[in-house]
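To be precise, the following lines are work_31.cif, and they hold mmCIF, C-alpha atoms.
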data_start
loop_
_atom_site.label_atom_id
_atom_site.label_comp_id
_atom_site.auth_asym_id
_atom_site.auth_seq_id
_atom_site.Cartn_x
_atom_site.Cartn_y
_atom_site.Cartn_z
CA MET A 13 0.00 0.00 0.00
CA GLN A 14 1.45 3.34 -1.08
CA VAL A 15 0.97 6.04 1.58
CA TYR A 16 1.77 9.76 1.39
CA VAL A 17 2.23 11.87 4.54
CA PHE A 18 1.88 15.67 4.42
CA ASP A 19 1.92 18.57 6.87
CA ASN A 20 -1.85 19.27 7.00
CA THR A 21 -1.61 22.45 4.92
CA LEU A 22 -3.28 23.17 1.58
CA ASP A 23 0.13 23.84 0.01
CA GLY A 24 1.23 20.48 1.38
CA LEU A 25 -1.74 18.71 -0.20
CA LEU A 26 -1.13 20.42 -3.56
CA THR A 27 2.54 19.40 -3.33
CA ALA A 28 1.39 15.82 -2.73
CA VAL A 29 -0.57 16.02 -6.00
CA PHE A 30 2.55 17.29 -7.78
CA ASP A 31 4.66 14.46 -6.34
CA SER A 32 2.05 11.89 -7.31
CA PHE A 33 2.28 12.83 -11.00
CA PHE A 34 6.03 13.44 -10.97
CA LEU A 35 6.70 10.02 -9.44
CA HIS A 36 3.98 8.34 -11.55
CA GLN A 37 2.23 7.08 -8.43
CA GLN A 38 -1.34 7.03 -7.22
CA PRO A 39 -1.13 6.69 -3.42
CA GLU A 40 -3.94 4.70 -1.87
CA MET A 41 -3.86 6.82 1.27
CA LEU A 42 -2.99 10.41 2.14
CA LEU A 43 -2.32 10.97 5.84
CA GLY A 44 -1.64 14.09 7.83
CA GLU A 45 1.37 14.29 10.13
CA GLY A 46 0.67 12.45 13.36
CA GLU A 47 -1.93 10.08 11.92
CA GLN A 48 -1.44 6.36 12.44
CA LEU A 49 0.02 4.41 9.53
CA PRO A 50 -2.03 1.37 8.49
CA LEU A 51 -0.66 -2.14 8.93
CA PHE A 52 1.30 -3.64 6.02
CA ALA A 53 1.84 -0.24 4.43
CA ASP A 54 5.00 0.42 2.43
CA GLU A 55 7.49 3.00 3.66
CA PRO A 56 5.49 6.24 3.38
CA HIS A 57 6.47 9.02 1.04
CA VAL A 58 6.89 12.14 3.18
CA VAL A 59 5.75 15.15 1.20
CA VAL A 60 8.01 18.18 1.63
CA THR A 61 5.79 21.20 1.16
CA ASP A 62 6.99 23.36 -1.72
CA SER A 63 5.11 26.60 -2.45
CA GLY A 64 6.43 26.58 -6.03
CA LYS A 65 5.05 23.11 -6.73
CA ALA A 66 1.77 24.02 -5.03
CA ALA A 67 1.47 27.15 -7.18
CA ARG A 68 2.00 25.11 -10.37
CA VAL A 69 -0.76 22.69 -9.36
CA TRP A 70 -3.14 25.56 -8.54
CA LYS A 71 -2.42 27.26 -11.88
CA GLY A 72 -3.26 23.97 -13.56
CA LEU A 73 -6.56 23.84 -11.68
CA GLU A 74 -7.31 27.40 -12.80
CA LYS A 75 -7.00 26.27 -16.42
CA HIS A 76 -9.45 23.41 -16.02
CA LEU A 77 -11.96 24.28 -13.32
CA SER A 78 -14.62 26.97 -13.16
CA VAL A 79 -14.54 29.72 -10.55
CA GLU A 80 -17.14 27.68 -8.67
CA GLY A 81 -14.90 24.60 -8.71
CA LEU A 82 -11.85 26.52 -7.47
CA ARG A 83 -13.90 28.11 -4.71
CA MET A 84 -15.23 24.70 -3.73
CA ILE A 85 -11.67 23.50 -3.13
CA ALA A 86 -10.56 26.62 -1.23
CA VAL A 87 -13.69 26.84 0.92
CA SER A 88 -13.86 23.13 1.72
CA TRP A 89 -10.29 23.28 3.02
CA LEU A 90 -11.45 25.78 5.67
CA SER A 91 -13.55 23.00 7.20
CA GLU A 92 -10.34 21.63 8.81
CA GLU A 93 -11.88 18.16 8.55
CA ARG A 94 -9.22 15.44 8.49
CA THR A 95 -11.65 13.20 6.59
CA LEU A 96 -11.50 15.70 3.69
CA ASN A 97 -7.81 15.08 2.91
CA GLN A 98 -8.24 11.90 0.88
CA PRO A 99 -11.31 12.87 -1.21
CA LEU A 100 -9.88 16.33 -1.92
CA PHE A 101 -6.59 14.81 -3.04
CA ASN A 102 -8.46 12.28 -5.20
CA PHE A 103 -10.67 14.97 -6.74
CA ILE A 104 -7.72 17.17 -7.73
CA CYS A 105 -5.93 14.16 -9.24
CA LYS A 106 -9.07 13.32 -11.23
CA VAL A 107 -9.09 16.84 -12.67
CA PHE A 108 -5.62 16.32 -14.15
CA ARG A 109 -6.40 12.78 -15.27
CA GLN A 110 -9.60 13.81 -17.04
CA LYS A 111 -9.01 12.43 -20.55
CA GLY A 112 -5.30 12.52 -19.86
CA GLY A 113 -5.42 16.19 -18.87
CA ASP A 114 -4.64 17.26 -22.43
CA SER A 115 -6.11 19.92 -24.66
CA SER A 116 -8.73 17.50 -26.00
CA SER A 117 -10.63 17.79 -22.72
CA SER A 118 -13.32 20.41 -23.04
CA ALA A 119 -14.54 22.85 -20.42
CA THR A 120 -17.77 20.85 -20.33
CA ASP A 121 -15.86 17.72 -19.29
CA TYR A 122 -14.30 19.46 -16.30
CA LEU A 123 -17.56 21.16 -15.36
CA SER A 124 -19.27 17.78 -15.40
CA LEU A 125 -16.59 16.39 -13.10
CA GLU A 126 -16.77 19.14 -10.48
CA ARG A 127 -20.58 18.89 -10.39
CA ASN A 128 -20.75 15.10 -10.42
CA ALA A 129 -22.51 14.36 -7.13
CA SER A 130 -22.46 10.64 -7.93
CA ASP A 131 -18.67 10.68 -7.51
CA ALA A 132 -17.92 9.97 -3.83
CA ASP A 133 -14.85 12.24 -3.78
CA VAL A 134 -16.62 15.17 -5.43
CA LEU A 135 -19.59 14.74 -3.11
CA ALA A 136 -17.36 14.75 -0.02
CA VAL A 137 -15.65 17.98 -1.14
CA ARG A 138 -18.96 19.65 -2.00
CA ASN A 139 -20.48 18.66 1.36
CA SER A 140 -17.50 20.06 3.26
CA CYS A 141 -17.80 23.28 1.28
CA ARG A 142 -21.52 23.44 2.08
CA ARG A 143 -20.86 23.03 5.81
CA VAL A 144 -18.31 25.85 5.79
CA LEU A 145 -20.64 28.22 3.92
CA HIS A 146 -23.43 27.40 6.35
CA GLU A 147 -21.12 28.18 9.27
CA GLN A 148 -20.05 31.53 7.82
CA LEU A 149 -23.73 32.46 7.41
CA ARG A 150 -24.35 31.58 11.06
CA MET A 151 -21.40 33.78 12.07
CA LYS A 152 -22.92 36.76 10.24
CA GLN A 153 -26.18 36.17 12.10
CA PHE A 154 -24.92 35.48 15.61
CA ILE A 155 -21.83 37.66 16.09
CA ARG A 156 -22.40 40.21 18.84
CA PHE A 157 -20.13 43.26 19.20
CA GLN A 158 -19.25 45.12 22.39
CA LYS A 159 -17.93 48.67 22.34
CA ALA A 160 -14.75 49.53 24.23
CA LYS A 161 -14.06 52.96 25.69
CA ASP A 162 -11.65 53.75 22.85
CA GLY A 163 -14.45 53.22 20.30
CA THR A 164 -13.33 49.79 19.06
CA TYR A 165 -16.02 47.12 18.69
CA LEU A 166 -15.04 43.60 19.78
CA ALA A 167 -16.60 40.24 18.96
CA VAL A 168 -15.24 36.88 20.12
CA VAL A 169 -16.26 33.72 18.27
CA SER A 170 -15.39 30.03 18.26
CA PRO A 171 -16.78 28.56 15.02
CA ASP A 172 -16.62 24.88 14.12
CA HIS A 173 -14.88 25.77 10.86
CA ASN A 174 -12.20 28.34 10.06
CA VAL A 175 -14.50 30.96 8.50
CA LEU A 176 -13.14 34.33 9.64
CA SER A 177 -11.56 35.09 6.27
CA LEU A 178 -14.98 34.59 4.64
CA ILE A 179 -16.88 37.07 6.82
CA THR A 180 -14.51 40.04 7.18
CA HIS A 181 -15.70 41.63 3.92
CA HIS A 182 -19.30 41.52 5.18
CA PHE A 183 -18.45 43.40 8.37
CA GLN A 184 -16.11 45.80 6.60
CA ASP A 185 -18.99 46.72 4.29
CA ARG A 186 -21.52 46.93 7.12
CA PHE A 187 -19.35 48.89 9.59
CA ASN A 188 -17.03 50.64 7.15
CA ASP A 189 -16.41 53.71 9.32
CA GLN A 190 -16.00 51.95 12.67
CA PRO A 191 -12.95 50.12 14.06
CA TRP A 192 -13.61 46.53 15.04
CA LEU A 193 -11.89 43.32 16.02
CA ILE A 194 -13.31 39.82 15.45
CA TYR A 195 -11.29 37.23 17.34
CA ASP A 196 -11.42 33.44 16.97
CA ALA A 197 -10.79 32.06 20.46
CA LYS A 198 -10.54 28.50 19.16
CA ARG A 199 -7.79 29.23 16.61
CA HIS A 200 -6.14 32.11 18.48
CA TYR A 201 -6.19 34.75 15.76
CA GLY A 202 -8.45 37.53 14.55
CA TYR A 203 -9.00 40.34 12.07
CA TYR A 204 -8.73 44.01 13.00
CA TYR A 205 -10.31 46.80 10.94
CA ASP A 206 -9.32 50.39 11.69
CA GLY A 207 -12.20 52.01 9.82
CA SER A 208 -10.30 52.74 6.63
CA ALA A 209 -7.79 50.14 5.38
CA ALA A 210 -8.51 46.47 4.71
CA PRO A 211 -8.84 44.19 7.78
CA ILE A 212 -5.51 42.79 8.94
CA HIS A 213 -4.74 39.38 10.44
CA ILE A 214 -3.61 39.63 14.07
CA THR A 215 -2.52 37.35 16.93
CA PHE A 216 -1.71 37.98 20.60
CA GLU A 217 1.60 36.85 22.06
CA ASP A 218 -0.01 36.51 25.50
CA GLU A 219 -3.75 35.84 25.49
CA SER A 220 -3.87 36.01 29.28
CA ALA A 221 -3.21 39.76 29.01
CA VAL A 222 -6.05 40.57 26.59
CA PRO A 223 -8.83 42.81 28.02
CA PHE A 224 -11.60 40.28 27.38
CA ASP A 225 -12.66 36.83 28.53
CA LEU A 226 -12.11 34.18 25.85
CA THR A 227 -14.62 31.82 27.46
CA ASN A 228 -17.61 34.14 27.00
CA GLY A 229 -16.27 37.06 24.92
CA LYS A 230 -17.00 39.70 27.56
CA LEU A 231 -14.88 42.83 27.64
CA ASN A 232 -13.43 43.63 31.06
CA ASP A 233 -15.48 46.22 32.94
CA GLU A 234 -12.60 48.72 33.00
CA VAL A 235 -12.48 48.89 29.18
CA LEU A 236 -16.18 48.40 28.36
CA SER A 237 -17.96 51.56 27.26
CA GLU A 238 -20.57 52.84 29.71
CA ASN A 239 -23.07 53.25 26.88
CA ASP A 240 -22.53 49.66 25.81
CA LYS A 241 -23.42 48.41 29.28
CA ILE A 242 -26.74 50.23 28.94
CA PHE A 243 -27.33 48.91 25.41
CA GLN A 244 -26.62 45.33 26.52
CA ASP A 245 -29.17 45.63 29.33
CA LEU A 246 -31.71 47.14 26.93
CA TRP A 247 -31.13 44.33 24.42
CA ARG A 248 -31.62 41.67 27.10
CA THR A 249 -34.79 43.40 28.29
CA TYR A 250 -36.13 43.56 24.72
CA PHE A 251 -35.22 39.93 24.08
CA LYS A 252 -37.08 38.88 27.23
CA ALA A 253 -40.07 41.12 26.49
CA ILE A 254 -40.73 39.73 23.00
CA CYS A 255 -40.62 36.14 24.24
CA ILE A 256 -44.17 34.76 24.41
CA LYS A 257 -44.08 31.82 26.78
CA GLU A 258 -47.14 30.20 25.24
CA ARG A 259 -45.39 30.10 21.87
CA MET A 260 -42.01 28.88 23.04
CA ASN A 261 -40.61 26.07 20.88
CA PRO A 262 -37.25 24.96 22.33
CA LYS A 263 -36.63 22.44 19.54
CA LYS A 264 -37.12 25.06 16.83
CA GLN A 265 -34.99 27.57 18.76
CA LEU A 266 -32.12 25.12 19.00
CA SER A 267 -32.42 24.38 15.30
CA ASP A 268 -32.27 28.07 14.36
CA MET A 269 -29.75 29.06 17.04
CA PRO A 270 -27.55 26.09 18.11
CA ARG A 271 -26.42 26.04 21.71
CA ARG A 272 -22.72 26.26 20.79
CA TYR A 273 -23.20 29.93 19.82
CA TRP A 274 -24.93 31.00 23.02
CA LYS A 275 -21.90 31.73 25.21
CA TYR A 276 -20.90 34.71 23.03
CA MET A 277 -24.40 36.12 22.53
CA THR A 278 -25.47 39.07 24.65
CA GLU A 279 -29.12 38.01 24.93
CA LYS A 280 -28.11 34.52 26.10
CA ASN A 281 -25.14 35.47 28.24
CA SER A 282 -27.06 36.83 31.19
CA SER A 283 -27.47 35.91 34.81
CA ASN A 284 -31.24 36.39 34.34
CA TYR A 285 -31.45 33.99 31.43
CA LYS A 286 -32.42 30.40 32.06
CA PRO A 287 -31.14 28.12 29.26
CA ILE A 288 -33.41 25.53 27.70
#
Would you mind writing the structure in this file as structure tokens?
Amino acid sequence: MQVYVFDNTLDGLLTAVFDSFFLHQQPEMLLGEGEQLPLFADEPHVVVTDSGKAARVWKGLEKHLSVEGLRMIAVSWLSEERTLNQPLFNFICKVFRQKGGDSSSSATDYLSLERNASDADVLAVRNSCRRVLHEQLRMKQFIRFQKAKDGTYLAVVSPDHNVLSLITHHFQDRFNDQPWLIYDAKRHYGYYYDGSAAPIHITFEDESAVPFDLTNGKLNDEVLSENDKIFQDLWRTYFKAICIKERMNPKKQLSDMPRRYWKYMTEKNSSNYKPI
């Protein structure tokens, strides 16, 4: 059994595709670093990530796939699902093997491949992409900002998938004249927008020193704007007032607003709120 091992990066996976064709091999298994090798496997080929090789593979994909197909690959990778590695690798290899990957293959052939839901590898990639897009939609709906005394708006999130890069444009467009920071507590990075330039990727060297609680997203009292304290209380009061007990449907509420989002939501994060 031929096994490839890569470093769990997209460039690493694309390099694995390059190596597969260069070495005239079709590995039966692609594993990430740290994953257990199967019994009776041959000595694994360790893929050395090469940005140049990865770029060549991506340029090849650009020639054959539609914008939708390229986006499907890029977005699905943000799922961070280990189970995606093999089908994504297989799908990319199939693109280059489509009718030998020569000029005789038409755009229709490649479009048929990337939309072929009967192909297990294509379906797995499309489903991962769908889950990521659903998560980024939920983030747009459930992110709650708090205003600091210096005028910066903060939101802490912990999404299942790595979607921050997909939602920054939405908030830049919506709050284009206000500084804000959206921080992913699960992946320990965020995006900061100063109200003018494009959002920038940031990290904190010491998260214990940040002026907010990563477990619930609350700004420390000494940096929270006085007006925001009032607005938070008003929002909780409004949320409680519009709740009609006779029409409560906990199952529907959990479907529309999964429990995993509650800890960062102002209307749920209250000493007066009793969870379902």
Result set, the PyMOL selection byres ((chain A and resi 159) around 10) on current file, as a ChimeraX atom specification: /A:157-158,160-167,191-192,231,235-241,243
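In this structure, CA of Asn174 (chain A) sits 5.1 Å away from CA of Leu90 (chain A).
Take the candidates A:Arg186, A:Glu55, A:Ile179, A:Ser170 and check each one against Tyr201 (chain A) using all atoms listed in the file; the shortest distance goes to A:Ser170.
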How many Å lie between CA of Gln265 (chain A) and CA of Lys152 (chain A), rounded to one decimal? 17.4 Å
Quick one, how far is CA of Asp218 (chain A) from CA of Phe154 (chain A)?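 Here the two named atoms are 26.8 Å from each other.
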Name the residues that the PyMOL selection byres ((chain A and resi 172) around 9) pulls out of this structure, and write them as a VMD selection string. chain A and resid 91 to 92 144 147 170 to 171 173 to 175 198
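Across A:Gln153, A:Thr61, A:Ser124, A:Gln38, the tightest approach to Asn102 (chain A) is made by A:Gln38 when counting all atoms listed in the file.
Of the residues listed (A:Met13, A:Leu193, A:Val107, A:Cys141), A:Leu193 shows the shortest atom-to-atom separation from Ile214 (chain A); distances use all atoms listed in the file.
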Spell out the residues picked by the PyMOL selection byres ((chain A and resi 82) around 12) here, as a PyMOL selection string. chain A and resi 69-81+83-89+100+103-104+107+122-123+126-127+137-138+141
Centre, edges in Å (one decimal): axis-aligned box, region 137-156 of chain A, 8 Å padding on all six sides, as lines of an AutoDock Vina configuration file:
center_x = -20.9
center_y = 29.1
center_z = 8.4
size_x = 26.5
size_y = 38.2
size_z = 36.8
Which of A:Glu219, A:Val15, A:Asp185, A:Pro39 sits closest to Gly207 (chain A) [using all atoms listed in the file]: A:Asp185
Long-range neighbours of Val59 (chain A) as a ChimeraX atom specification, 9 Å cut-off, only C-alpha atoms, 2 positions minimum in chain: /A:16-19,24-25,27-28,31,57,61-62
Would you mind putting all heavy atoms back on region 88-99 of chain A and writing the result as a PDB file, keeping the file's coordinate frame?
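Once everything was written out, this is part13.pdb:
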ATOM      1  N   SER A  88     -13.790  24.412   1.011  1.00  0.00           N
ATOM      2  CA  SER A  88     -13.860  23.130   1.720  1.00  0.00           C
ATOM      3  C   SER A  88     -12.660  22.931   2.623  1.00  0.00           C
ATOM      4  O   SER A  88     -12.777  22.338   3.705  1.00  0.00           O
ATOM      5  CB  SER A  88     -13.973  21.975   0.723  1.00  0.00           C
ATOM      6  OG  SER A  88     -12.790  21.843  -0.048  1.00  0.00           O
ATOM      7  N   TRP A  89     -11.494  23.434   2.207  1.00  0.00           N
ATOM      8  CA  TRP A  89     -10.290  23.280   3.020  1.00  0.00           C
ATOM      9  C   TRP A  89     -10.442  23.979   4.370  1.00  0.00           C
ATOM     10  O   TRP A  89      -9.865  23.557   5.384  1.00  0.00           O
ATOM     11  CB  TRP A  89      -9.068  23.821   2.279  1.00  0.00           C
ATOM     12  CG  TRP A  89      -7.808  23.636   3.067  1.00  0.00           C
ATOM     13  CD1 TRP A  89      -7.098  24.581   3.755  1.00  0.00           C
ATOM     14  CD2 TRP A  89      -7.126  22.388   3.306  1.00  0.00           C
ATOM     15  NE1 TRP A  89      -6.022  24.010   4.392  1.00  0.00           N
ATOM     16  CE2 TRP A  89      -6.023  22.674   4.128  1.00  0.00           C
ATOM     17  CE3 TRP A  89      -7.350  21.083   2.892  1.00  0.00           C
ATOM     18  CZ2 TRP A  89      -5.141  21.678   4.552  1.00  0.00           C
ATOM     19  CZ3 TRP A  89      -6.480  20.095   3.314  1.00  0.00           C
ATOM     20  CH2 TRP A  89      -5.380  20.401   4.131  1.00  0.00           C
ATOM     21  N   LEU A  90     -11.243  25.043   4.420  1.00  0.00           N
ATOM     22  CA  LEU A  90     -11.450  25.780   5.670  1.00  0.00           C
ATOM     23  C   LEU A  90     -12.260  24.972   6.685  1.00  0.00           C
ATOM     24  O   LEU A  90     -12.369  25.371   7.846  1.00  0.00           O
ATOM     25  CB  LEU A  90     -12.168  27.110   5.384  1.00  0.00           C
ATOM     26  CG  LEU A  90     -11.409  28.100   4.504  1.00  0.00           C
ATOM     27  CD1 LEU A  90     -12.266  29.339   4.240  1.00  0.00           C
ATOM     28  CD2 LEU A  90     -10.085  28.512   5.142  1.00  0.00           C
ATOM     29  N   SER A  91     -12.797  23.849   6.260  1.00  0.00           N
ATOM     30  CA  SER A  91     -13.550  23.000   7.200  1.00  0.00           C
ATOM     31  C   SER A  91     -12.633  22.398   8.257  1.00  0.00           C
ATOM     32  O   SER A  91     -13.083  22.051   9.351  1.00  0.00           O
ATOM     33  CB  SER A  91     -14.252  21.870   6.442  1.00  0.00           C
ATOM     34  OG  SER A  91     -13.311  20.934   5.938  1.00  0.00           O
ATOM     35  N   GLU A  92     -11.336  22.241   7.919  1.00  0.00           N
ATOM     36  CA  GLU A  92     -10.340  21.630   8.810  1.00  0.00           C
ATOM     37  C   GLU A  92     -10.707  20.183   9.167  1.00  0.00           C
ATOM     38  O   GLU A  92     -10.278  19.660  10.190  1.00  0.00           O
ATOM     39  CB  GLU A  92     -10.173  22.454  10.082  1.00  0.00           C
ATOM     40  CG  GLU A  92      -9.690  23.876   9.826  1.00  0.00           C
ATOM     41  CD  GLU A  92      -9.532  24.687  11.102  1.00  0.00           C
ATOM     42  OE1 GLU A  92     -10.293  24.435  12.062  1.00  0.00           O
ATOM     43  OE2 GLU A  92      -8.665  25.572  11.135  1.00  0.00           O
ATOM     44  N   GLU A  93     -11.472  19.544   8.324  1.00  0.00           N
ATOM     45  CA  GLU A  93     -11.880  18.160   8.550  1.00  0.00           C
ATOM     46  C   GLU A  93     -10.793  17.212   8.031  1.00  0.00           C
ATOM     47  O   GLU A  93     -10.473  17.224   6.838  1.00  0.00           O
ATOM     48  CB  GLU A  93     -13.203  17.882   7.857  1.00  0.00           C
ATOM     49  CG  GLU A  93     -14.358  18.700   8.400  1.00  0.00           C
ATOM     50  CD  GLU A  93     -15.608  18.623   7.540  1.00  0.00           C
ATOM     51  OE1 GLU A  93     -15.513  18.153   6.397  1.00  0.00           O
ATOM     52  OE2 GLU A  93     -16.678  19.042   8.026  1.00  0.00           O
ATOM     53  N   ARG A  94     -10.251  16.391   8.904  1.00  0.00           N
ATOM     54  CA  ARG A  94      -9.220  15.440   8.490  1.00  0.00           C
ATOM     55  C   ARG A  94      -9.769  14.462   7.440  1.00  0.00           C
ATOM     56  O   ARG A  94      -9.035  13.983   6.576  1.00  0.00           O
ATOM     57  CB  ARG A  94      -8.713  14.658   9.702  1.00  0.00           C
ATOM     58  CG  ARG A  94      -7.826  15.476  10.649  1.00  0.00           C
ATOM     59  CD  ARG A  94      -6.491  15.793   9.998  1.00  0.00           C
ATOM     60  NE  ARG A  94      -5.590  16.495  10.905  1.00  0.00           N
ATOM     61  CZ  ARG A  94      -4.686  15.884  11.664  1.00  0.00           C
ATOM     62  NH1 ARG A  94      -4.582  14.573  11.635  1.00  0.00           N
ATOM     63  NH2 ARG A  94      -3.900  16.584  12.445  1.00  0.00           N
ATOM     64  N   THR A  95     -11.057  14.150   7.534  1.00  0.00           N
ATOM     65  CA  THR A  95     -11.650  13.200   6.590  1.00  0.00           C
ATOM     66  C   THR A  95     -11.734  13.772   5.176  1.00  0.00           C
ATOM     67  O   THR A  95     -12.035  13.039   4.229  1.00  0.00           O
ATOM     68  CB  THR A  95     -13.068  12.813   7.049  1.00  0.00           C
ATOM     69  OG1 THR A  95     -13.856  14.003   7.239  1.00  0.00           O
ATOM     70  CG2 THR A  95     -13.015  12.033   8.349  1.00  0.00           C
ATOM     71  N   LEU A  96     -11.460  15.073   5.016  1.00  0.00           N
ATOM     72  CA  LEU A  96     -11.500  15.700   3.690  1.00  0.00           C
ATOM     73  C   LEU A  96     -10.230  15.433   2.899  1.00  0.00           C
ATOM     74  O   LEU A  96     -10.251  15.468   1.663  1.00  0.00           O
ATOM     75  CB  LEU A  96     -11.717  17.211   3.840  1.00  0.00           C
ATOM     76  CG  LEU A  96     -11.671  18.041   2.550  1.00  0.00           C
ATOM     77  CD1 LEU A  96     -12.886  17.744   1.670  1.00  0.00           C
ATOM     78  CD2 LEU A  96     -11.602  19.535   2.867  1.00  0.00           C
ATOM     79  N   ASN A  97      -9.112  15.167   3.580  1.00  0.00           N
ATOM     80  CA  ASN A  97      -7.810  15.080   2.910  1.00  0.00           C
ATOM     81  C   ASN A  97      -7.819  14.124   1.723  1.00  0.00           C
ATOM     82  O   ASN A  97      -7.398  14.484   0.618  1.00  0.00           O
ATOM     83  CB  ASN A  97      -6.732  14.651   3.906  1.00  0.00           C
ATOM     84  CG  ASN A  97      -6.463  15.698   4.958  1.00  0.00           C
ATOM     85  OD1 ASN A  97      -6.816  16.871   4.793  1.00  0.00           O
ATOM     86  ND2 ASN A  97      -5.845  15.305   6.063  1.00  0.00           N
ATOM     87  N   GLN A  98      -8.283  12.907   1.944  1.00  0.00           N
ATOM     88  CA  GLN A  98      -8.240  11.900   0.880  1.00  0.00           C
ATOM     89  C   GLN A  98      -9.150  12.245  -0.296  1.00  0.00           C
ATOM     90  O   GLN A  98      -8.704  12.241  -1.452  1.00  0.00           O
ATOM     91  CB  GLN A  98      -8.585  10.528   1.448  1.00  0.00           C
ATOM     92  CG  GLN A  98      -8.347   9.384   0.462  1.00  0.00           C
ATOM     93  CD  GLN A  98      -6.861   9.153   0.188  1.00  0.00           C
ATOM     94  OE1 GLN A  98      -6.077   8.986   1.106  1.00  0.00           O
ATOM     95  NE2 GLN A  98      -6.487   9.159  -1.093  1.00  0.00           N
ATOM     96  N   PRO A  99     -10.450  12.548  -0.056  1.00  0.00           N
ATOM     97  CA  PRO A  99     -11.310  12.870  -1.210  1.00  0.00           C
ATOM     98  C   PRO A  99     -10.880  14.130  -1.951  1.00  0.00           C
ATOM     99  O   PRO A  99     -11.006  14.193  -3.177  1.00  0.00           O
ATOM    100  CB  PRO A  99     -12.703  13.035  -0.589  1.00  0.00           C
ATOM    101  CG  PRO A  99     -12.486  13.181   0.873  1.00  0.00           C
ATOM    102  CD  PRO A  99     -11.229  12.461   1.191  1.00  0.00           C
TER     103      PRO A  99
END
